Each structure stands twice: as structure tokens, then as C-alpha cells.
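Asker: Input file: target.csv. Contents: CSV, C-alpha atoms.
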chain,number,residue,atom,x,y,z
A,1,MET,CA,114.8,125.1,119.6
A,2,LYS,CA,118.3,124.0,118.6
A,3,LEU,CA,119.8,121.9,115.8
A,4,PHE,CA,122.5,119.4,116.5
A,5,ASP,CA,124.7,119.8,113.5
A,6,GLY,CA,127.3,117.6,111.9
A,7,GLY,CA,129.6,119.9,110.0
A,8,LEU,CA,130.7,118.6,106.6
A,9,ALA,CA,128.5,115.6,106.3
A,10,PRO,CA,125.8,115.7,103.5
A,11,ASN,CA,122.6,115.5,105.6
A,12,PRO,CA,123.5,118.2,108.1
A,13,ARG,CA,124.4,120.4,105.1
A,14,ARG,CA,121.1,119.7,103.4
A,15,VAL,CA,119.2,121.1,106.4
A,16,ARG,CA,121.5,124.2,106.7
A,17,ILE,CA,121.0,125.1,103.1
A,18,PHE,CA,117.3,124.6,103.4
A,19,LEU,CA,117.1,126.9,106.4
A,20,ALA,CA,119.3,129.5,104.6
A,21,GLU,CA,116.9,129.4,101.6
A,22,LYS,CA,114.0,130.0,104.0
A,23,GLY,CA,115.8,132.7,105.9
A,24,ILE,CA,115.3,130.8,109.2
A,25,ASP,CA,117.8,131.1,112.0
A,26,VAL,CA,118.1,128.1,114.3
A,27,PRO,CA,120.9,128.0,116.9
A,28,LEU,CA,123.3,125.2,116.0
A,29,VAL,CA,125.0,122.8,118.4
A,30,PRO,CA,128.2,121.6,116.7
A,31,VAL,CA,128.9,117.9,116.9
A,32,ASP,CA,132.3,116.7,116.0
A,33,MET,CA,131.6,113.6,113.9
A,34,ALA,CA,135.4,113.1,113.2
A,35,ALA,CA,135.8,112.7,117.0
A,36,PHE,CA,132.8,110.3,117.0
A,37,GLU,CA,130.7,112.6,119.1
A,38,HIS,CA,127.6,111.5,117.3
A,39,ARG,CA,128.0,108.1,118.9
A,40,GLY,CA,128.2,109.7,122.4
A,41,ASP,CA,125.5,109.8,125.0
A,42,GLY,CA,124.3,113.2,124.0
A,43,VAL,CA,123.3,112.3,120.5
A,44,THR,CA,122.4,108.7,121.2
A,45,ALA,CA,119.8,109.7,123.9
A,46,ARG,CA,118.2,112.0,121.2
A,47,ASN,CA,118.5,109.6,118.2
A,48,PRO,CA,119.2,105.9,118.8
A,49,LEU,CA,120.3,105.7,115.2
A,50,GLN,CA,123.2,108.0,116.1
A,51,ARG,CA,122.8,110.2,113.1
A,52,LEU,CA,122.7,113.9,112.5
A,53,PRO,CA,121.1,116.4,112.3
A,54,VAL,CA,118.7,116.3,115.2
A,55,LEU,CA,116.3,119.1,115.9
A,56,GLU,CA,115.4,119.6,119.6
A,57,PHE,CA,112.4,121.6,120.6
A,58,ASP,CA,112.2,123.7,123.8
A,59,ASP,CA,110.1,121.0,125.5
A,60,GLY,CA,113.0,118.5,125.0
A,61,SER,CA,111.2,116.5,122.3
A,62,VAL,CA,113.2,115.8,119.1
A,63,LEU,CA,112.8,115.3,115.4
A,64,THR,CA,115.3,113.4,113.3
A,65,GLU,CA,115.8,112.7,109.6
A,66,SER,CA,117.0,115.7,107.5
A,67,VAL,CA,114.0,115.7,105.1
A,68,ALA,CA,111.5,115.4,108.0
A,69,ILE,CA,113.2,118.4,109.7
A,70,CYS,CA,113.0,120.3,106.4
A,71,ARG,CA,109.3,119.4,106.0
A,72,TYR,CA,108.6,120.7,109.5
A,73,PHE,CA,110.0,124.1,108.6
A,74,GLU,CA,108.2,124.0,105.3
A,75,GLU,CA,104.9,123.6,107.2
A,76,ARG,CA,105.7,126.3,109.7
A,77,HIS,CA,107.2,128.7,107.1
A,78,PRO,CA,105.6,128.0,103.7
A,79,GLU,CA,107.4,130.8,101.8
A,80,PRO,CA,109.3,130.3,99.6
A,81,PRO,CA,107.8,126.8,98.9
A,82,LEU,CA,110.7,124.3,98.7
A,83,PHE,CA,108.6,121.1,98.5
A,84,GLY,CA,106.6,122.2,95.5
A,85,THR,CA,103.1,123.7,95.0
A,86,GLY,CA,99.9,121.9,93.9
A,87,ALA,CA,99.2,118.2,94.0
A,88,LEU,CA,101.4,117.3,91.0
A,89,GLY,CA,104.0,119.9,91.9
A,90,ARG,CA,104.5,118.5,95.3
A,91,ALA,CA,104.6,114.9,94.0
A,92,ARG,CA,107.2,116.0,91.4
A,93,VAL,CA,109.5,117.4,94.0
A,94,GLU,CA,109.1,114.2,96.1
A,95,GLU,CA,109.9,112.1,93.0
A,96,TRP,CA,113.1,113.9,92.2
A,97,ASN,CA,114.2,114.4,95.7
A,98,ARG,CA,113.9,110.7,96.2
A,99,ARG,CA,115.6,109.8,92.9
A,100,LEU,CA,118.5,112.0,93.8
A,101,GLU,CA,118.7,110.7,97.3
A,102,LEU,CA,118.3,107.0,96.5
A,103,ASN,CA,120.3,106.8,93.3
A,104,LEU,CA,122.9,109.5,93.6
A,105,LEU,CA,123.5,110.5,97.3
A,106,ALA,CA,123.2,107.0,98.5
A,107,SER,CA,125.6,105.7,95.9
A,108,VAL,CA,128.1,108.4,96.5
A,109,ALA,CA,127.9,107.8,100.3
A,110,ALA,CA,128.3,104.1,99.8
A,111,ALA,CA,131.5,104.7,97.8
A,112,PHE,CA,132.8,107.0,100.4
A,113,ARG,CA,132.0,104.8,103.4
A,114,HIS,CA,133.2,101.5,101.9
A,115,LEU,CA,136.3,102.8,100.2
A,116,HIS,CA,137.7,105.7,102.2
A,117,PRO,CA,140.4,104.7,104.7
A,118,ALA,CA,139.0,107.3,107.2
A,119,MET,CA,135.7,105.4,107.3
A,120,ARG,CA,137.2,102.1,108.4
A,121,GLU,CA,135.8,102.4,111.9
A,122,TRP,CA,132.5,104.0,110.8
A,123,GLU,CA,131.4,101.3,108.3
A,124,VAL,CA,131.9,97.8,109.7
A,125,PRO,CA,132.5,95.7,107.7
A,126,GLN,CA,133.9,98.0,105.0
A,127,ILE,CA,133.3,96.1,101.7
A,128,ALA,CA,135.5,97.6,99.0
A,129,SER,CA,133.7,95.7,96.1
A,130,TRP,CA,130.4,97.3,97.2
A,131,GLY,CA,132.0,100.7,97.3
A,132,GLU,CA,133.3,100.2,93.7
A,133,ALA,CA,129.9,98.8,92.5
A,134,ASN,CA,128.3,102.1,93.5
A,135,LYS,CA,130.5,104.3,91.3
A,136,PRO,CA,128.9,103.2,88.0
A,137,LYS,CA,125.5,103.4,89.7
A,138,ALA,CA,126.1,107.1,90.5
A,139,GLU,CA,127.4,107.8,87.0
A,140,ALA,CA,124.5,106.1,85.3
A,141,PHE,CA,122.1,108.2,87.3
A,142,LEU,CA,124.0,111.4,86.4
A,143,ARG,CA,123.2,110.8,82.8
A,144,ILE,CA,119.5,110.5,83.6
A,145,LEU,CA,119.8,113.8,85.6
A,146,ASP,CA,121.6,115.5,82.6
A,147,ALA,CA,118.7,114.6,80.3
A,148,ARG,CA,116.3,116.0,82.9
A,149,LEU,CA,118.3,119.2,83.2
A,150,SER,CA,118.5,119.6,79.5
A,151,GLU,CA,114.8,120.5,79.6
A,152,ASN,CA,114.4,122.1,83.0
A,153,ARG,CA,116.1,124.9,84.8
A,154,PHE,CA,115.8,123.2,88.2
A,155,VAL,CA,115.6,119.5,89.0
A,156,ALA,CA,111.9,119.4,89.7
A,157,GLY,CA,110.9,121.9,87.0
A,158,GLU,CA,110.5,125.7,87.0
A,159,ALA,CA,111.2,126.3,90.7
A,160,PHE,CA,114.1,125.8,93.1
A,161,SER,CA,113.3,123.0,95.6
A,162,ILE,CA,114.7,120.6,98.1
A,163,ALA,CA,115.5,118.3,95.2
A,164,ASP,CA,118.1,120.8,94.0
A,165,ILE,CA,119.6,120.9,97.5
A,166,THR,CA,119.9,117.1,97.6
A,167,GLY,CA,121.5,117.1,94.2
A,168,LEU,CA,124.0,119.9,95.1
A,169,VAL,CA,125.0,118.1,98.3
A,170,ALA,CA,125.3,114.8,96.5
A,171,ILE,CA,127.5,116.1,93.7
A,172,ASP,CA,129.8,118.0,96.1
A,173,PHE,CA,130.1,114.8,98.2
A,174,MET,CA,131.6,113.1,95.1
A,175,LYS,CA,134.9,114.9,95.8
A,176,PRO,CA,135.7,113.2,99.1
A,177,ALA,CA,134.2,110.0,97.7
A,178,ARG,CA,136.7,110.3,94.8
A,179,ILE,CA,134.2,110.0,92.0
A,180,ALA,CA,134.8,112.3,89.0
A,181,LEU,CA,132.0,113.9,87.2
A,182,PRO,CA,131.9,112.1,83.9
A,183,GLU,CA,132.9,114.1,80.8
A,184,GLY,CA,130.1,115.9,79.0
A,185,LEU,CA,127.0,116.3,81.1
A,186,VAL,CA,126.9,120.0,80.2
A,187,HIS,CA,123.4,120.4,81.7
A,188,VAL,CA,124.5,119.0,85.1
A,189,ARG,CA,127.5,121.3,85.0
A,190,ARG,CA,125.4,124.4,84.1
A,191,TRP,CA,122.9,123.6,86.9
A,192,HIS,CA,125.7,122.8,89.5
A,193,ALA,CA,127.4,126.1,88.8
A,194,GLU,CA,124.0,127.9,89.3
A,195,MET,CA,123.2,126.1,92.5
A,196,SER,CA,126.8,126.6,93.9
A,197,ALA,CA,126.4,130.4,93.2
A,198,ARG,CA,123.4,130.7,95.5
A,199,PRO,CA,124.3,132.2,98.9
A,200,SER,CA,122.8,129.2,100.6
A,201,ALA,CA,125.4,126.9,99.2
A,202,ARG,CA,127.9,128.3,101.8
A,203,ALA,CA,125.6,127.4,104.7
B,204,MET,CA,95.0,107.2,84.7
B,205,LYS,CA,96.7,103.8,85.1
B,206,LEU,CA,99.2,102.3,87.4
B,207,PHE,CA,102.0,100.0,86.0
B,208,ASP,CA,102.2,97.5,88.8
B,209,GLY,CA,104.9,95.1,89.8
B,210,GLY,CA,103.1,92.3,91.6
B,211,LEU,CA,104.9,91.0,94.7
B,212,ALA,CA,107.8,93.5,94.9
B,213,PRO,CA,107.7,95.8,98.0
B,214,ASN,CA,107.2,99.2,96.3
B,215,PRO,CA,104.3,98.3,94.1
B,216,ARG,CA,102.6,96.7,97.1
B,217,ARG,CA,103.2,99.9,99.1
B,218,VAL,CA,101.2,101.9,96.6
B,219,ARG,CA,98.4,99.3,96.3
B,220,ILE,CA,98.0,99.2,100.1
B,221,PHE,CA,97.9,103.0,100.2
B,222,LEU,CA,95.2,103.2,97.6
B,223,ALA,CA,93.2,100.5,99.4
B,224,GLU,CA,93.4,102.5,102.6
B,225,LYS,CA,92.2,105.6,100.7
B,226,GLY,CA,89.4,103.7,98.9
B,227,ILE,CA,90.8,104.8,95.5
B,228,ASP,CA,90.5,102.6,92.4
B,229,VAL,CA,93.1,103.0,89.8
B,230,PRO,CA,93.3,100.6,86.8
B,231,LEU,CA,96.4,98.4,87.1
B,232,VAL,CA,98.6,97.4,84.2
B,233,PRO,CA,100.4,94.2,85.4
B,234,VAL,CA,104.1,94.0,84.6
B,235,ASP,CA,105.8,90.7,85.0
B,236,MET,CA,109.0,91.5,86.8
B,237,ALA,CA,110.1,87.8,86.9
B,238,ALA,CA,110.1,87.9,83.1
B,239,PHE,CA,112.1,91.2,83.2
B,240,GLU,CA,109.2,93.1,81.6
B,241,HIS,CA,110.2,96.2,83.7
B,242,ARG,CA,113.4,96.4,81.6
B,243,GLY,CA,111.5,96.4,78.4
B,244,ASP,CA,110.7,99.3,76.2
B,245,GLY,CA,107.2,100.0,77.7
B,246,VAL,CA,108.5,100.7,81.2
B,247,THR,CA,111.9,102.1,80.2
B,248,ALA,CA,110.2,104.8,78.0
B,249,ARG,CA,108.1,105.8,81.1
B,250,ASN,CA,110.9,105.4,83.7
B,251,PRO,CA,114.5,105.4,82.6
B,252,LEU,CA,115.3,103.9,86.0
B,253,GLN,CA,113.3,100.8,85.0
B,254,ARG,CA,111.5,100.6,88.3
B,255,LEU,CA,107.9,100.1,89.3
B,256,PRO,CA,105.3,101.3,90.0
B,257,VAL,CA,104.8,104.1,87.4
B,258,LEU,CA,101.6,106.2,87.4
B,259,GLU,CA,100.5,107.4,83.9
B,260,PHE,CA,98.1,110.2,83.5
B,261,ASP,CA,95.6,110.4,80.7
B,262,ASP,CA,97.8,113.0,78.9
B,263,GLY,CA,100.6,110.5,78.8
B,264,SER,CA,102.8,112.2,81.5
B,265,VAL,CA,104.1,110.0,84.2
B,266,LEU,CA,104.9,110.0,87.9
B,267,THR,CA,107.4,107.5,89.5
B,268,GLU,CA,108.6,106.7,93.0
B,269,SER,CA,106.1,105.0,95.2
B,270,VAL,CA,106.1,107.7,97.9
B,271,ALA,CA,105.7,110.4,95.3
B,272,ILE,CA,102.7,108.6,93.8
B,273,CYS,CA,101.2,108.2,97.3
B,274,ARG,CA,101.7,111.8,98.1
B,275,TYR,CA,99.9,112.8,94.8
B,276,PHE,CA,96.9,110.8,96.0
B,277,GLU,CA,97.1,112.3,99.5
B,278,GLU,CA,97.0,115.8,98.0
B,279,ARG,CA,94.0,114.9,95.8
B,280,HIS,CA,92.2,112.8,98.3
B,281,PRO,CA,93.2,114.1,101.8
B,282,GLU,CA,90.9,111.7,103.8
B,283,PRO,CA,91.9,109.7,105.7
B,284,PRO,CA,95.2,111.5,106.1
B,285,LEU,CA,98.0,109.0,105.7
B,286,PHE,CA,100.9,111.5,105.8
B,287,GLY,CA,100.0,112.9,109.2
B,288,THR,CA,98.3,116.1,110.3
B,289,GLY,CA,99.7,119.4,111.5
B,290,ALA,CA,103.3,120.5,111.0
B,291,LEU,CA,104.8,118.2,113.6
B,292,GLY,CA,102.5,115.4,112.8
B,293,ARG,CA,103.5,115.5,109.1
B,294,ALA,CA,107.1,115.7,110.0
B,295,ARG,CA,106.8,112.7,112.4
B,296,VAL,CA,105.3,110.6,109.6
B,297,GLU,CA,108.1,111.6,107.3
B,298,GLU,CA,110.7,110.8,110.0
B,299,TRP,CA,109.3,107.3,110.6
B,300,ASN,CA,108.6,106.5,107.0
B,301,ARG,CA,112.2,107.4,106.2
B,302,ARG,CA,113.6,105.5,109.1
B,303,LEU,CA,111.7,102.4,108.1
B,304,GLU,CA,112.6,102.7,104.5
B,305,LEU,CA,116.3,103.6,104.9
B,306,ASN,CA,117.1,101.3,107.8
B,307,LEU,CA,114.7,98.3,107.4
B,308,LEU,CA,113.3,98.1,103.9
B,309,ALA,CA,116.6,99.0,102.2
B,310,SER,CA,118.5,96.5,104.4
B,311,VAL,CA,116.0,93.7,103.7
B,312,ALA,CA,116.1,94.5,100.0
B,313,ALA,CA,119.9,94.5,100.0
B,314,ALA,CA,120.0,91.1,101.7
B,315,PHE,CA,117.4,89.8,99.1
B,316,ARG,CA,119.1,91.2,96.1
B,317,HIS,CA,122.7,90.3,97.0
B,318,LEU,CA,122.0,86.8,98.4
B,319,HIS,CA,119.1,85.3,96.6
B,320,PRO,CA,120.0,83.0,93.6
B,321,ALA,CA,117.1,84.3,91.6
B,322,MET,CA,118.5,87.9,91.8
B,323,ARG,CA,121.8,87.0,90.1
B,324,GLU,CA,120.8,88.7,86.9
B,325,TRP,CA,119.1,91.6,88.6
B,326,GLU,CA,121.9,92.8,90.9
B,327,VAL,CA,125.2,92.9,89.1
B,328,PRO,CA,127.6,92.4,90.7
B,329,GLN,CA,125.9,90.4,93.4
B,330,ILE,CA,128.0,90.8,96.5
B,331,ALA,CA,127.2,88.2,99.2
B,332,SER,CA,129.2,89.9,101.9
B,333,TRP,CA,127.1,93.1,101.5
B,334,GLY,CA,123.9,91.0,101.6
B,335,GLU,CA,125.1,89.4,104.9
B,336,ALA,CA,126.2,92.7,106.4
B,337,ASN,CA,122.6,94.0,106.0
B,338,LYS,CA,121.0,91.3,108.1
B,339,PRO,CA,122.3,92.7,111.5
B,340,LYS,CA,121.5,96.2,110.3
B,341,ALA,CA,117.8,95.2,109.8
B,342,GLU,CA,117.8,93.4,113.2
B,343,ALA,CA,119.3,96.4,115.0
B,344,PHE,CA,116.7,98.7,113.6
B,345,LEU,CA,113.9,96.2,114.6
B,346,ARG,CA,114.9,96.7,118.2
B,347,ILE,CA,114.6,100.4,117.9
B,348,LEU,CA,111.2,99.9,116.2
B,349,ASP,CA,110.1,97.6,119.1
B,350,ALA,CA,110.9,100.3,121.6
B,351,ARG,CA,108.9,102.8,119.6
B,352,LEU,CA,105.9,100.5,119.3
B,353,SER,CA,106.0,99.8,123.1
B,354,GLU,CA,104.7,103.3,123.5
B,355,ASN,CA,102.7,103.9,120.4
B,356,ARG,CA,99.9,102.0,118.7
B,357,PHE,CA,101.1,103.0,115.3
B,358,VAL,CA,104.6,103.7,114.1
B,359,ALA,CA,104.2,107.5,113.8
B,360,GLY,CA,101.9,107.8,116.9
B,361,GLU,CA,98.2,107.6,117.4
B,362,ALA,CA,97.1,107.3,113.7
B,363,PHE,CA,97.7,104.8,111.0
B,364,SER,CA,100.0,106.3,108.3
B,365,ILE,CA,102.2,105.5,105.3
B,366,ALA,CA,105.0,104.6,107.8
B,367,ASP,CA,102.9,101.6,108.9
B,368,ILE,CA,102.6,100.5,105.3
B,369,THR,CA,106.3,100.8,104.7
B,370,GLY,CA,106.9,98.8,107.9
B,371,LEU,CA,104.5,96.1,107.0
B,372,VAL,CA,105.9,95.6,103.5
B,373,ALA,CA,109.4,95.6,104.8
B,374,ILE,CA,108.7,93.0,107.5
B,375,ASP,CA,106.8,90.8,105.0
B,376,PHE,CA,109.7,91.0,102.6
B,377,MET,CA,112.0,89.5,105.3
B,378,LYS,CA,110.5,86.1,104.3
B,379,PRO,CA,111.9,85.9,100.7
B,380,ALA,CA,115.0,87.7,102.0
B,381,ARG,CA,115.4,84.8,104.5
B,382,ILE,CA,115.8,87.0,107.6
B,383,ALA,CA,114.0,85.7,110.7
B,384,LEU,CA,112.2,88.1,113.0
B,385,PRO,CA,114.5,88.1,116.1
B,386,GLU,CA,113.0,86.5,119.3
B,387,GLY,CA,111.2,88.8,121.6
B,388,LEU,CA,110.1,92.0,119.9
B,389,VAL,CA,106.6,91.6,121.3
B,390,HIS,CA,105.6,95.1,120.3
B,391,VAL,CA,106.7,94.6,116.7
B,392,ARG,CA,104.7,91.3,116.7
B,393,ARG,CA,101.6,92.9,118.1
B,394,TRP,CA,101.8,95.7,115.6
B,395,HIS,CA,102.5,93.4,112.7
B,396,ALA,CA,99.5,91.2,113.5
B,397,GLU,CA,97.3,94.3,113.6
B,398,MET,CA,98.6,95.7,110.3
B,399,SER,CA,98.3,92.3,108.6
B,400,ALA,CA,94.6,92.0,109.7
B,401,ARG,CA,93.6,95.2,107.9
B,402,PRO,CA,91.8,94.5,104.6
B,403,SER,CA,94.4,96.7,102.8
B,404,ALA,CA,97.1,94.2,103.6
B,405,ARG,CA,95.7,91.9,100.9
B,406,ALA,CA,96.0,94.6,98.2
When written as C-alpha cells, how does the structure in this file appear?

Answerer:
Amino acid sequence: MKLFDGGLAPNPRRVRIFLAEKGIDVPLVPVDMAAFEHRGDGVTARNPLQRLPVLEFDDGSVLTESVAICRYFEERHPEPPLFGTGALGRARVEEWNRRLELNLLASVAAAFRHLHPAMREWEVPQIASWGEANKPKAEAFLRILDARLSENRFVAGEAFSIADITGLVAIDFMKPARIALPEGLVHVRRWHAEMSARPSARA
Amino acid sequence: MKLFDGGLAPNPRRVRIFLAEKGIDVPLVPVDMAAFEHRGDGVTARNPLQRLPVLEFDDGSVLTESVAICRYFEERHPEPPLFGTGALGRARVEEWNRRLELNLLASVAAAFRHLHPAMREWEVPQIASWGEANKPKAEAFLRILDARLSENRFVAGEAFSIADITGLVAIDFMKPARIALPEGLVHVRRWHAEMSARPSARA
């Protein structure tokens, strides 16, 4: 088994942090996204969507989509549970992982891809007005997240989960996307400091 | 327990089809999205994101996000399994459900929201160039889906799953979004006819 990795990009990092939290070692195959290697034959043959990461099994079959890769490892290595426990607990992790992905990570990524000069050849057409429209979307969601974290240590409740990983990666990606964390949001800041201090954050 | 429903919108329909496939009856509370009822106090108090559907339990707690609601029912009523079976089977459903949601449903929804005159007060600012940019994204993904369905009866493999529901809802939403199914794609057409013929498609 090997994992085609994408360096600094948010989704490859999500999977690396997840594996670090599980204590699972998977050999990485570095792919230089800055050199467009993810659009080369090697990745395209494994994922026609030309996205990373891609997990390849020893029989040559592949699994794509960061959350699907994480779920595979959750099923194979249930401890510690990072997708929640119990029917409502699992649904709650899904709820917050999706909220963070669809309302924060997606908005931050849209701002990055549609506004950053380095993304001109990645996102065609680059539409600056759409990039700008995503900044207030991200900020509005961060206020909802702050309210959530005022009452919960972790995003999905009492236990660390993949939702915290998605949130950490999304907020760290605000820096290259040039979105400042709004003033206040003391609960988001407390939580972000705590997540950043976990050893897995360096994965 | 009751489900705040949103009529014709894709995500409420996803959950209704899922419940029909499971044979689960949940009382629906209709919310008139055309009259902006989902932005009123009743929904906002339950979901600050003002989106539907919302599942409310008898103790007043709520669960949002269509896939999270479906996963809750999957955990409580495992048969028939609609999120896959076994580690790789569950990961495969997650992979294709995400691919369909992020590459097809999201693109179709963006075209609808940013181009349809009726959406002018929903999507602010409405950015026509972004709506147009999503049409070729949806079409490119449909070709990948067609290749997948040339070798598999269902999207995720040999069994019907939530990924088929997401795909059906996304393709049906192409009509109000005014995106034509590209010529050819015989496997997508075969699969879409089969999915549409299931009794759950009328839910």
C-alpha cells in the first residue's frame, strides 16, 4: 500500500494528520503539485479527476477522496475512533465535518484558487468576483463555529474527530488564501491553538 | 422525531429517497423554500445555516446535513445497507458519493443558483460567469461517471447505495439548471432510467 501525497495542499494534509492520529504508517509517494505532476500520466491513470491524495493497494486498485481514504483506515483500525461513536455520535461527526468542509474549507479554497496569481493556470477561468464573494461566506461560518466551540471542547463534541482535522486544515489554509481570522472569535482561537499543539498537526 | 423538509430542492429529496429505500416513515414538516420560510425563525433557530432538511428529535435536539441524517438512519436501521459493507465497500461508497456531490451536484447547483433569475435573492452576489464555468465541469464529470457505469451496474459497484441517490438527484436537478445531458453517455442513460424506475424516486 502507498499514498500518493500532495505536500501542502489541504486534502493531502487532512489524510496525513488522520494517519498520524491513528498511529498508522503508510509509505508516501511525493507528488509535486507546483510542477503539475498531479496532472501527469501517473496520477491521471489512478484518478481521472487528477486530485490528491490517492491510496494505492498492493493489487494495484486505488481509492481516492480524502474522507473516503480516512474512512477506510477507520474501518480497519477503529481505535481511536475519529468518526464518532454510536449512531448519533457518528452522525454528529459527519454533520460537522461536512459543515466545515462545505462552508469553510470550500470557501477558503475558492478564494485561493480564484484570487491567487499562482493559481491562474489551475483554475480556468479564474473569476476574481467569485473568489471575493467567498471571503464573507467563510467569515460568516467562522462565527457559527465560534458559537459551537463556546460550548464544546472539540467541534463534534467531547472527543477529537476528523471534523477537527478538517477545521484545522481549513483555518491554516486561510493564510495562503489571504483571509484574516476576524477579530474576537475567542473560542475558535482557543480551539485552533489546541489543535495546532497536537503532534499530528506537523504531519 | 420529525423532518423539516424542503420540497423540490436536491438535499431534502436525497433524504426522502433514502428513507423510502429503507422503508422508514418520518413525519415531514413542509417548509416553503420559495416563500423563504427556511430563512425564518423556525428553521434558523434549528439550523443557523438556514438549510434543509433538519431532523428534530423528540427531546428538541436537531441534526442537520442530509448525509449526516442519512448516516444516522443507516446506523439505527442497517438493512438494506446504503453506505456499503466491509471496510473497502464503505470507503468505495464514500468515494463515489463525494465525487458525485462535489463534482456533479455542486456544479449543477452553482449553475442553477448563479444563472437562474429566480435565484437572484438567494445567491448574493449572483455571478453569471461562475454559473457558466460550472456547466463544463458538470459535463466533464459525467464522462467519468459514464466510464464508471460502463463497468458497474451501480455507481459504487454491485449494490445500490446513497451514491446512486446523490447521482439521481444531481442529474434530475440539471433540468431546472438548464444543463442538457451531453449526447452519448449511454451508460449514464441506462443507469438513470433504472434509478428513476425505483419507487423511491417519487419520494

Asker: Output as a PyMOL selection string the set of chain B residues within 9 Å of chain A, with distances taken over only C-alpha atoms.

Answerer: chain B and resi 251-252+266-279+289-299+301-302+327-328+330+332-333+336+344+347

Asker: Quick one: distance from atom CA of B:Ser353 to atom CA of B:Lys338 in Å, one decimal?

Answerer: 22.9 Å

Asker: Mind checking which residues fall within 10 Å of B:Leu211, counting all atoms listed in the file, ignoring those fewer than 2 positions away in the same chain, and posting them as a PyMOL selection string?

Answerer: chain B and resi 208-209+213-216+235-237+372+376

Asker: B:Glu386, B:Glu361, B:Asp367, B:Glu335: which is nearest B:Ser403, counting all atoms listed in the file?

Answerer: B:Asp367

Asker: Would you mind listing what lies within 9 Å of A:Arg143 as a PyMOL selection string, with all atoms listed in the file counted and same-chain residues fewer than 4 positions away left out?

Answerer: chain A and resi 139+147-148+182+185+188

Asker: Could you please determine the separation between atom CA of A:Arg120 and atom CA of B:Trp325 in Å, to one decimal place?

Answerer: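 Separation between atom CA of A:Arg120 and atom CA of B:Trp325: 28.8 Å.
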
Asker: One decimal, Å: what's the distance from atom CA of B:Leu345 over to atom CA of B:Leu308, could you say?

Answerer: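 Distance reported for this atom pair: 10.9 Å.
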
Asker: Excluding A:Ala193 and residues on its chain fewer than 5 positions from it, collect all residues at most 12 Å away from it, counting all atoms listed in the file, and give them as a list in words.

Answerer: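 Contacts, with the query itself left out: Phe154, Asp164, Leu168, Ile171, Asp172, Val186, His187, Val188, Arg198 and Ala201 of chain A.
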
Asker: Measuring between only C-alpha atoms, which one of B:Ala212, B:Ala383, B:Val257, B:Ala341 shows the shortest distance to B:Ala313?

Answerer: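 Closest residue, counting only C-alpha atoms: B:Ala341.
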
Asker: Find the residue from B:Gly287, B:Val229, B:Pro402, B:Asp349 that sits nearest to B:Leu206; use all atoms listed in the file when measuring.

Answerer: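 Using all atoms listed in the file, the shortest distance to B:Leu206 belongs to B:Val229.
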
Asker: Point out the residue among A:Phe83, A:Pro176, A:Ala170, A:Ser161 with the least atom-to-atom distance to A:His116, counting all atoms listed in the file.

Answerer: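 Among the listed residues, the smallest separation from A:His116 belongs to A:Pro176.
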
Asker: Rank nothing, just name the residue among B:Thr369, B:Ala238, B:Arg393, B:Ala380 nearest to B:Asn355, using only C-alpha atoms.

Answerer: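 Ranked by minimum distance to B:Asn355, first place goes to B:Arg393.
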
Asker: Identify which of the residues A:Leu52, A:Ala118, A:Ala111, A:Leu181 lies closest to A:His38, counting all atoms listed in the file when measuring atom-to-atom distances.

Answerer: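 Smallest distance to A:His38 is found for A:Leu52.
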